[in-house]
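> Dropping a structure here in structure tokens format, bear with me for questions.
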Amino acid sequence: MQTEVIRIMRHGGPEVMEMSVQDVPEPGEGEVTIEQKAIGLNFIDIYFRTGLYRHPLPHGLGFEAAGKVVAVGPGVTHVKAGDRVAYAQSPLGAYAGVRTMPAWQVVKLPRGVDFESAAAMMLKGLTVQYLFRQTYRLQGGETILFHAAAGGVGLIACQWARALGVRLIGTVSGPEKAELARRHGAWEVIDYSREDVAARVLELTDGRKVPVVYDGVGKSTWLTSLDCLQPRGLMVSFGNASGPVDGVNLGILAAKGSLYVTRPTISDYTPTQEKLAAAAKDLFSLVGKGSIRMEIGQRFALRDVGRAHEALASRQTIGATVLLPD
């Protein structure tokens, strides 16, 4: 069997992504082969394309997708040929029509979750799961700050916060994105292109600030995020959309209130099939109740992945974006 795949030979802009036709290996011990129906697009894909995150070249791109199992290798028992499945993390290479990968990273899709929604929600939804239920376990009643609330992760976060009874203050750029975040459950929205985020958070919390900030933007929001935290509050830096946070003097954490900082990754919160399945069950339960609905704002053919990366990097996307194999 052969399939179209996207690979890069060097780091750089969208132009370094090349489509080629390759053989699909038969699944070995503990592996599964999936005919992919939809592929998720995420900022981490850009980080690997540009070389911000290092991996030996040449390599593929992409970590999440959804599709049908076409073959399983020895030792695989939790899925079988014909099952509808999805995954949130995998070896680099989700940008493909068909692929063989470790089976433990795959979960079965419940009825009512279509392929596009699954591809769009897995990495983003499981990110919110570990942020809200594991990194800082929200109980309900808290007021929190979440940057980029109208993005793919942000819109799931807005809905999950509402389901938990948490008041989510979201930052966005522009009135259209502000309305989108509100529609998905944000308690209040701050347009950072027009408002002072820290001052507005102080106002919205009656001077108390927030116990936790979830920041996937990175460099441009680092100091603002710290200024929004209560003494001994937690800064959760989980992404680098504006560039990595570097050159940090730990003394600033003391100066701003004995703050805590963590830089979590999904792989450390879902390191086994059992933990992955439990996190996915948590996500799917909210989807099944209608508490979380996916907002897919853009669809691109896999061959047009360059345009998809350009749109994501320039903040022209709304909600999630999926790539569709031919």
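A note on labels: chains of the structure tokens are A, B, ... as shown, every chain counts residues from 1, and ligands are counted from 1 in their shown order.
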Just the residues within 10 Å of Gly290 in chain A, please, counting only C-alpha atoms, with nothing from its chain fewer than 4 positions along; format it as a ChimeraX atom specification.
/A:159,163,284-286
> Using only C-alpha atoms, which protein or nucleic acid residues come within 8 Å of Arg84 in chain A? Drop anything in the same chain fewer than 5 positions from it, and give the result as a VMD selection string.
chain A and resid 66 to 69 108 to 109
> Using DSSP assignments from the backbone, pull out every residue in range 183-228 of chain A that falls under helix (DSSP H, G or I) and give it to me as a ChimeraX atom specification.
/A:183,197-204,219-227
> Among range 142-218 of chain A, which ones does DSSP place in strand (DSSP E or B), written as a list in words?
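Taking range 142-218 of chain A and keeping strand (DSSP E or B) only, one gets Thr143, Ile144, Leu145, Phe146, Gly151, Arg167, Leu168, Ile169, Gly170, Thr171, Val172, Glu188, Val189, Ile190, Asp191, Val210, Pro211, Val212, Val213, Tyr214 and Asp215 of chain A.
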> With only C-alpha atoms as the atoms that count, which of A:Val213, A:Leu302, A:Ala88, A:Val16 lies nearest to Val107 in chain A?
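Going through A:Val213, A:Leu302, A:Ala88, A:Val16 one by one, the smallest distance to Val107 in chain A is for A:Ala88.
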> I want to know what sits within 9 Å of range 313-321 of chain A, based on only C-alpha atoms, with residues of the same chain fewer than 3 positions away left out; could you give that as an NGL selection string?
:A and (39-43 or 46 or 120-121 or 124 or 150-155 or 177 or 180 or 241 or 294-300 or 308-310)
> Neighbouring residues of Cys158 in chain A were defined as those with any atom within 9 Å, considering only C-alpha atoms; residues of the same chain fewer than 2 positions away were excluded. Please report them as JSON, numbers by chain.
{"A": [146, 149, 150, 153, 154, 155, 156, 160, 161, 162, 163, 167, 168, 169, 170, 181, 182, 183, 184, 185, 186, 187]}
> At a cut-off of 7 Å, using only C-alpha atoms, what residues contact Ala94 in chain A? Leave out same-chain residues fewer than 2 positions from it and give the result as a VMD selection string.
chain A and resid 39 61 to 65 92 96
> As a PyMOL selection string, please: the residues near range 98-104 of chain A (cut-off 7 Å, only C-alpha atoms, same-chain neighbours under 3 positions excluded).
chain A and resi 3+24-25+27+30-36+76+273
> Nearest to Pro14 in chain A among A:Thr127, A:Gln2, A:Gln134, A:Thr50, with distances taken over only C-alpha atoms: which residue is it?
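So, comparing all the options, the nearest one is A:Thr50.
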> When you count only C-alpha atoms, which of these residues is closest to Gly97 in chain A: A:Ala255, A:Ala311, A:Val72, A:Ala38?
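Distance minimum relative to Gly97 in chain A lands on A:Ala38.
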> Go through range 96-183 of chain A residue by residue and, counting only C-alpha atoms, keep those with an atom at most 12 Å from range 220-226 of chain A; for each kept residue give the shortest atom pair and its distance in Å to one decimal, ordered by chain and increasing number, as a tab-separated table.

```
residue	atom	partner	partner_atom	distance
A:Ile144	CA	A:Ser225	CA	11.0
A:Leu145	CA	A:Ser225	CA	8.3
A:Phe146	CA	A:Ser225	CA	9.4
A:His147	CA	A:Thr221	CA	8.3
A:Ala148	CA	A:Thr221	CA	10.3
A:Gly170	CA	A:Ser225	CA	11.9
A:Thr171	CA	A:Thr221	CA	10.3
A:Val172	CA	A:Thr221	CA	11.9
```
